[in-house]
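Below is one structure, written out as structure tokens, with a few remarks after it.
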Amino acid sequence: MVITGATVVALGTGTSARAALLTSPTDSELLGSKVIDFETAPLGSFSSLTLGDVTFSTTSGRLAYISDWYSGEWNAQGKSLQSSYEDNVTFTALKIDFANPVTAFGFNWGAADEFWSLTAFDSAGNVLDSQYLPTHQGGNDDQFFGIKNATAPISYATLVQKSYPQAEVDYVLLDNFKYSSLPQPIPSKPVPEATSTLGVLAIGAFGAGSLLKRKQELKI
């Protein structure tokens with residue numbers, strides 16, 4: 001049975017009344033966001049890859065890949081993060097760590113034939129939201145998914161193939177990963193100490209007094 005994207009989205013299991021599935025790269029929650037397009041990443045396999053302040057990692061010794069296969073297809077442009085068809089080799093779970101907590105994130109999603117769940121966590125490991133991602137039956141239709149409106153800053157997320165190992169490993173692609181970091185506080189400038197200010201005033205008063213005394217001496 002083919003499950004449509006709309007059906008799978010309806011199965012989303014958000015754990016918060018506010019958290020929601022993000023479905024557009026132009027969502028207001030992503031205004032001013034950073035973008036990872038994977039173009040600077042080296043081609044080949046990896047178990048952990050850090051780009052900017054985001055780290056993508058696999059579990060159980062499995063691998064993910066940076067490849068330009070299917071560029072222009074399956075919602076990928078140029079290089080993208082991919083899995084493969086190799087069972088016991090390619091990832092069925094991907095962890096996404098944010099060096100700085102984020103308020104929302106999302107990515108182009110392509111080629112999925114199986115159920116995948118996207119889950120966001122806070123710094124203590126509490127689940128903020130969990131959503132099923134729809135399958136992708138073909139084409140290059142700009143499917144984009146993520147999580148927004150979490151009740152707390154998002155420290156990391158997981159992407160897991162829920163049908164594995166009952167089903168075969170699923171070939172999927174991620175591209176144009178966008179995320180909105182929390183505003184970082186602006187360091188405040190140190191305030192001059194009161195003693196220093198008084199010292200400056202004292203020096204100024206002394207200088208003015210000396211100048212007045214010299215003028216009086218010249219008049220005598």
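Ordered as shown in the structure tokens, chains take letters A, B, and onward, while each chain numbers its residues from 1 and ligands are numbered from 1 in the order shown.
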
task: Extract, using only C-alpha atoms, all DNA, RNA and protein residues at most 8 Å from region 78-92 of chain A, discarding same-chain residues fewer than 2 positions from it, and format them as an MDAnalysis selection string.
output: chainID A and resid 37:39 58:59 61:69 71:72 76 94 160:161 164 168:176

- request: Identify, on the basis of only C-alpha atoms, every residue whose closest approach to region 141-154 of chain A does not exceed 8 Å; exclude the query and any residue fewer than 5 positions from it along the same chain; express the result as JSON, numbers by chain.
  value: {"A": [16, 18, 19, 20, 21, 22, 23, 24, 25, 29, 74, 75, 98, 101, 102, 103, 104, 105, 106, 107, 108, 109, 110, 118, 120, 121, 122, 123, 128, 129, 131, 133, 182]}

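For the choices A:Tyr70, A:Lys95, A:Ser163, A:Asp27, the atom-to-atom distance to Thr50 (chain A) is smallest for A:Lys95 when using only C-alpha atoms.
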